[in-house]
Amino acid sequence: MAKKVSVNKDLCIGCGLCTTIAPDVLAIGDDGLAGALVSETTDEAVEEAAASCPVAAIVVE
Ligand code: SF4
């Protein structure tokens, strides 16, 4: 089942870790912060990315 994914840019520090774990879903934008490439995904890597984010900026629901 697809899950919604988003990034809280107020928390993101632009470390890039999530983009290496889930490159199909998350990418660093022109603002230097991570953003979701899609609004919903079935890619389970995004769960690992969310768990690995040092500031817990990734919301998966
Ligand atoms: S891992 Fe977290 S802090 Fe790092 S770029 Fe991704 S969302 Fe931002």
# chains A, B, ... in the order shown; residues from 1 in each chain; ligands from 1
call {"tool": "residues_near_ligand", "arguments": {"ligand": "ligand 1", "cutoff": "8 Å", "atoms": "only C-alpha atoms and all ligand atoms", "output": "list in words"}}
result
Val7, Asn8, Lys9, Leu11, Cys12, Ile13, Gly14, Cys15, Gly16, Leu17, Cys18, Thr19, Leu26, Ala27, Ile28, Leu33, Ala34, Gly35, Ala49, Ala50, Ser52, Cys53, Pro54, Val55, Ala56, Ala57 and Ile58 of chain A
call {"tool": "write_last_selection", "arguments": {"atoms": "N, CA and C atoms", "output": "PDB file, in the first residue's frame"}}
result
ATOM      1  N   VAL A   7       8.843  15.980   3.516  1.00  0.00           N
ATOM      2  CA  VAL A   7       9.999  16.399   4.316  1.00  0.00           C
ATOM      3  C   VAL A   7       9.668  17.723   4.992  1.00  0.00           C
ATOM      4  N   ASN A   8       9.917  17.770   6.289  1.00  0.00           N
ATOM      5  CA  ASN A   8       9.744  19.021   7.036  1.00  0.00           C
ATOM      6  C   ASN A   8      11.014  19.850   6.833  1.00  0.00           C
ATOM      7  N   LYS A   9      10.929  20.839   5.957  1.00  0.00           N
ATOM      8  CA  LYS A   9      12.116  21.630   5.612  1.00  0.00           C
ATOM      9  C   LYS A   9      12.564  22.543   6.752  1.00  0.00           C
ATOM     10  N   LEU A  11      13.129  21.376   9.596  1.00  0.00           N
ATOM     11  CA  LEU A  11      14.029  20.511  10.359  1.00  0.00           C
ATOM     12  C   LEU A  11      15.226  20.056   9.539  1.00  0.00           C
ATOM     13  N   CYS A  12      15.034  19.814   8.240  1.00  0.00           N
ATOM     14  CA  CYS A  12      16.089  19.264   7.383  1.00  0.00           C
ATOM     15  C   CYS A  12      17.339  20.136   7.412  1.00  0.00           C
ATOM     16  N   ILE A  13      18.515  19.471   7.543  1.00  0.00           N
ATOM     17  CA  ILE A  13      19.797  20.181   7.537  1.00  0.00           C
ATOM     18  C   ILE A  13      20.566  19.924   6.244  1.00  0.00           C
ATOM     19  N   GLY A  14      19.930  19.243   5.290  1.00  0.00           N
ATOM     20  CA  GLY A  14      20.535  19.052   3.976  1.00  0.00           C
ATOM     21  C   GLY A  14      21.727  18.108   3.951  1.00  0.00           C
ATOM     22  N   CYS A  15      21.764  17.150   4.866  1.00  0.00           N
ATOM     23  CA  CYS A  15      22.924  16.247   4.940  1.00  0.00           C
ATOM     24  C   CYS A  15      23.001  15.300   3.753  1.00  0.00           C
ATOM     25  N   GLY A  16      21.874  15.022   3.129  1.00  0.00           N
ATOM     26  CA  GLY A  16      21.855  14.176   1.941  1.00  0.00           C
ATOM     27  C   GLY A  16      21.749  12.692   2.185  1.00  0.00           C
ATOM     28  N   LEU A  17      21.773  12.283   3.443  1.00  0.00           N
ATOM     29  CA  LEU A  17      21.745  10.852   3.756  1.00  0.00           C
ATOM     30  C   LEU A  17      20.519  10.156   3.166  1.00  0.00           C
ATOM     31  N   CYS A  18      19.376  10.763   3.316  1.00  0.00           N
ATOM     32  CA  CYS A  18      18.134  10.127   2.843  1.00  0.00           C
ATOM     33  C   CYS A  18      18.138   9.937   1.331  1.00  0.00           C
ATOM     34  N   THR A  19      18.817  10.826   0.621  1.00  0.00           N
ATOM     35  CA  THR A  19      18.819  10.734  -0.840  1.00  0.00           C
ATOM     36  C   THR A  19      19.692   9.591  -1.333  1.00  0.00           C
ATOM     37  N   LEU A  26      13.521  10.600  -2.675  1.00  0.00           N
ATOM     38  CA  LEU A  26      13.983  11.829  -2.026  1.00  0.00           C
ATOM     39  C   LEU A  26      15.186  12.401  -2.769  1.00  0.00           C
ATOM     40  N   ALA A  27      15.234  13.726  -2.883  1.00  0.00           N
ATOM     41  CA  ALA A  27      16.346  14.385  -3.560  1.00  0.00           C
ATOM     42  C   ALA A  27      16.572  15.745  -2.924  1.00  0.00           C
ATOM     43  N   ILE A  28      17.823  16.210  -3.016  1.00  0.00           N
ATOM     44  CA  ILE A  28      18.142  17.556  -2.546  1.00  0.00           C
ATOM     45  C   ILE A  28      17.720  18.553  -3.627  1.00  0.00           C
ATOM     46  N   LEU A  33      17.928  21.590   0.501  1.00  0.00           N
ATOM     47  CA  LEU A  33      17.229  20.741   1.455  1.00  0.00           C
ATOM     48  C   LEU A  33      16.556  19.593   0.713  1.00  0.00           C
ATOM     49  N   ALA A  34      16.303  18.502   1.452  1.00  0.00           N
ATOM     50  CA  ALA A  34      15.655  17.349   0.837  1.00  0.00           C
ATOM     51  C   ALA A  34      14.177  17.639   0.569  1.00  0.00           C
ATOM     52  N   GLY A  35      13.698  17.008  -0.476  1.00  0.00           N
ATOM     53  CA  GLY A  35      12.275  17.083  -0.788  1.00  0.00           C
ATOM     54  C   GLY A  35      11.839  15.772  -1.400  1.00  0.00           C
ATOM     55  N   ALA A  49      15.034   5.485   5.224  1.00  0.00           N
ATOM     56  CA  ALA A  49      15.519   6.869   5.141  1.00  0.00           C
ATOM     57  C   ALA A  49      14.952   7.705   6.279  1.00  0.00           C
ATOM     58  N   ALA A  50      13.679   7.519   6.552  1.00  0.00           N
ATOM     59  CA  ALA A  50      13.045   8.281   7.630  1.00  0.00           C
ATOM     60  C   ALA A  50      13.664   7.933   8.975  1.00  0.00           C
ATOM     61  N   SER A  52      16.639   6.885   9.454  1.00  0.00           N
ATOM     62  CA  SER A  52      18.049   7.269   9.470  1.00  0.00           C
ATOM     63  C   SER A  52      18.264   8.773   9.527  1.00  0.00           C
ATOM     64  N   CYS A  53      17.262   9.541   9.230  1.00  0.00           N
ATOM     65  CA  CYS A  53      17.418  11.009   9.207  1.00  0.00           C
ATOM     66  C   CYS A  53      17.819  11.501  10.603  1.00  0.00           C
ATOM     67  N   PRO A  54      18.934  12.236  10.703  1.00  0.00           N
ATOM     68  CA  PRO A  54      19.435  12.659  12.014  1.00  0.00           C
ATOM     69  C   PRO A  54      18.525  13.638  12.746  1.00  0.00           C
ATOM     70  N   VAL A  55      17.633  14.290  12.009  1.00  0.00           N
ATOM     71  CA  VAL A  55      16.744  15.279  12.667  1.00  0.00           C
ATOM     72  C   VAL A  55      15.271  14.896  12.525  1.00  0.00           C
ATOM     73  N   ALA A  56      15.018  13.663  12.086  1.00  0.00           N
ATOM     74  CA  ALA A  56      13.645  13.150  11.967  1.00  0.00           C
ATOM     75  C   ALA A  56      12.733  14.077  11.167  1.00  0.00           C
ATOM     76  N   ALA A  57      13.268  14.516  10.012  1.00  0.00           N
ATOM     77  CA  ALA A  57      12.529  15.471   9.186  1.00  0.00           C
ATOM     78  C   ALA A  57      11.596  14.803   8.177  1.00  0.00           C
ATOM     79  N   ILE A  58      11.756  13.487   7.989  1.00  0.00           N
ATOM     80  CA  ILE A  58      10.983  12.794   6.959  1.00  0.00           C
ATOM     81  C   ILE A  58       9.721  12.209   7.566  1.00  0.00           C
TER      82      ILE A  58
END
call {"tool": "select_by_dssp", "arguments": {"residues": "chain A", "states": "helix (DSSP H, G or I)", "output": "VMD selection string"}}
result
chain A and resid 17 to 21 45 to 52
call {"tool": "write_last_selection", "arguments": {"atoms": "C-alpha atoms", "output": "mmCIF file, in the first residue's frame"}}
result
data_model
loop_
_atom_site.group_PDB
_atom_site.id
_atom_site.type_symbol
_atom_site.label_atom_id
_atom_site.label_comp_id
_atom_site.auth_asym_id
_atom_site.auth_seq_id
_atom_site.Cartn_x
_atom_site.Cartn_y
_atom_site.Cartn_z
ATOM 1 C CA LEU A 17 21.745 10.852 3.756
ATOM 2 C CA CYS A 18 18.134 10.127 2.843
ATOM 3 C CA THR A 19 18.819 10.734 -0.840
ATOM 4 C CA THR A 20 21.427 7.977 -0.869
ATOM 5 C CA ILE A 21 19.080 5.545 0.914
ATOM 6 C CA ALA A 45 13.589 2.343 1.348
ATOM 7 C CA VAL A 46 11.807 5.521 2.393
ATOM 8 C CA GLU A 47 11.043 3.954 5.767
ATOM 9 C CA GLU A 48 14.749 3.329 6.305
ATOM 10 C CA ALA A 49 15.519 6.869 5.141
ATOM 11 C CA ALA A 50 13.045 8.281 7.630
ATOM 12 C CA ALA A 51 14.525 6.191 10.443
ATOM 13 C CA SER A 52 18.049 7.269 9.470
#
call {"tool": "select_by_dssp", "arguments": {"residues": "chain A", "states": "strand (DSSP E or B)", "output": "MDAnalysis selection string"}}
result
chainID A and resid 3:7 26:28 34:36 40:41 58:60
call {"tool": "residues_around", "arguments": {"residues": "Lys3 in chain A", "least_positions_apart": "3", "cutoff": "8 Å", "atoms": "only C-alpha atoms", "output": "PyMOL selection string"}}
result
chain A and resi 40-42+60-61
call {"tool": "write_last_selection", "arguments": {"atoms": "N, CA and C atoms", "output": "PDB file, in the first residue's frame"}}
result
ATOM      1  N   GLU A  40       3.379  10.070  -2.942  1.00  0.00           N
ATOM      2  CA  GLU A  40       3.113   8.753  -2.359  1.00  0.00           C
ATOM      3  C   GLU A  40       4.073   7.747  -2.965  1.00  0.00           C
ATOM      4  N   THR A  41       4.419   6.722  -2.173  1.00  0.00           N
ATOM      5  CA  THR A  41       5.343   5.704  -2.686  1.00  0.00           C
ATOM      6  C   THR A  41       5.099   4.360  -2.013  1.00  0.00           C
ATOM      7  N   THR A  42       5.489   3.289  -2.705  1.00  0.00           N
ATOM      8  CA  THR A  42       5.501   1.953  -2.102  1.00  0.00           C
ATOM      9  C   THR A  42       6.938   1.507  -1.863  1.00  0.00           C
ATOM     10  N   VAL A  60       6.551   9.826   7.020  1.00  0.00           N
ATOM     11  CA  VAL A  60       5.949   8.756   6.217  1.00  0.00           C
ATOM     12  C   VAL A  60       4.682   8.320   6.926  1.00  0.00           C
ATOM     13  N   GLU A  61       3.571   8.389   6.230  1.00  0.00           N
ATOM     14  CA  GLU A  61       2.303   8.039   6.902  1.00  0.00           C
ATOM     15  C   GLU A  61       1.343   7.360   5.951  1.00  0.00           C
TER      16      GLU A  61
END
call {"tool": "atom_distance", "arguments": {"atom1": "CA of Val25 in chain A", "atom2": "CA of Val5 in chain A"}}
result
8.4 Å
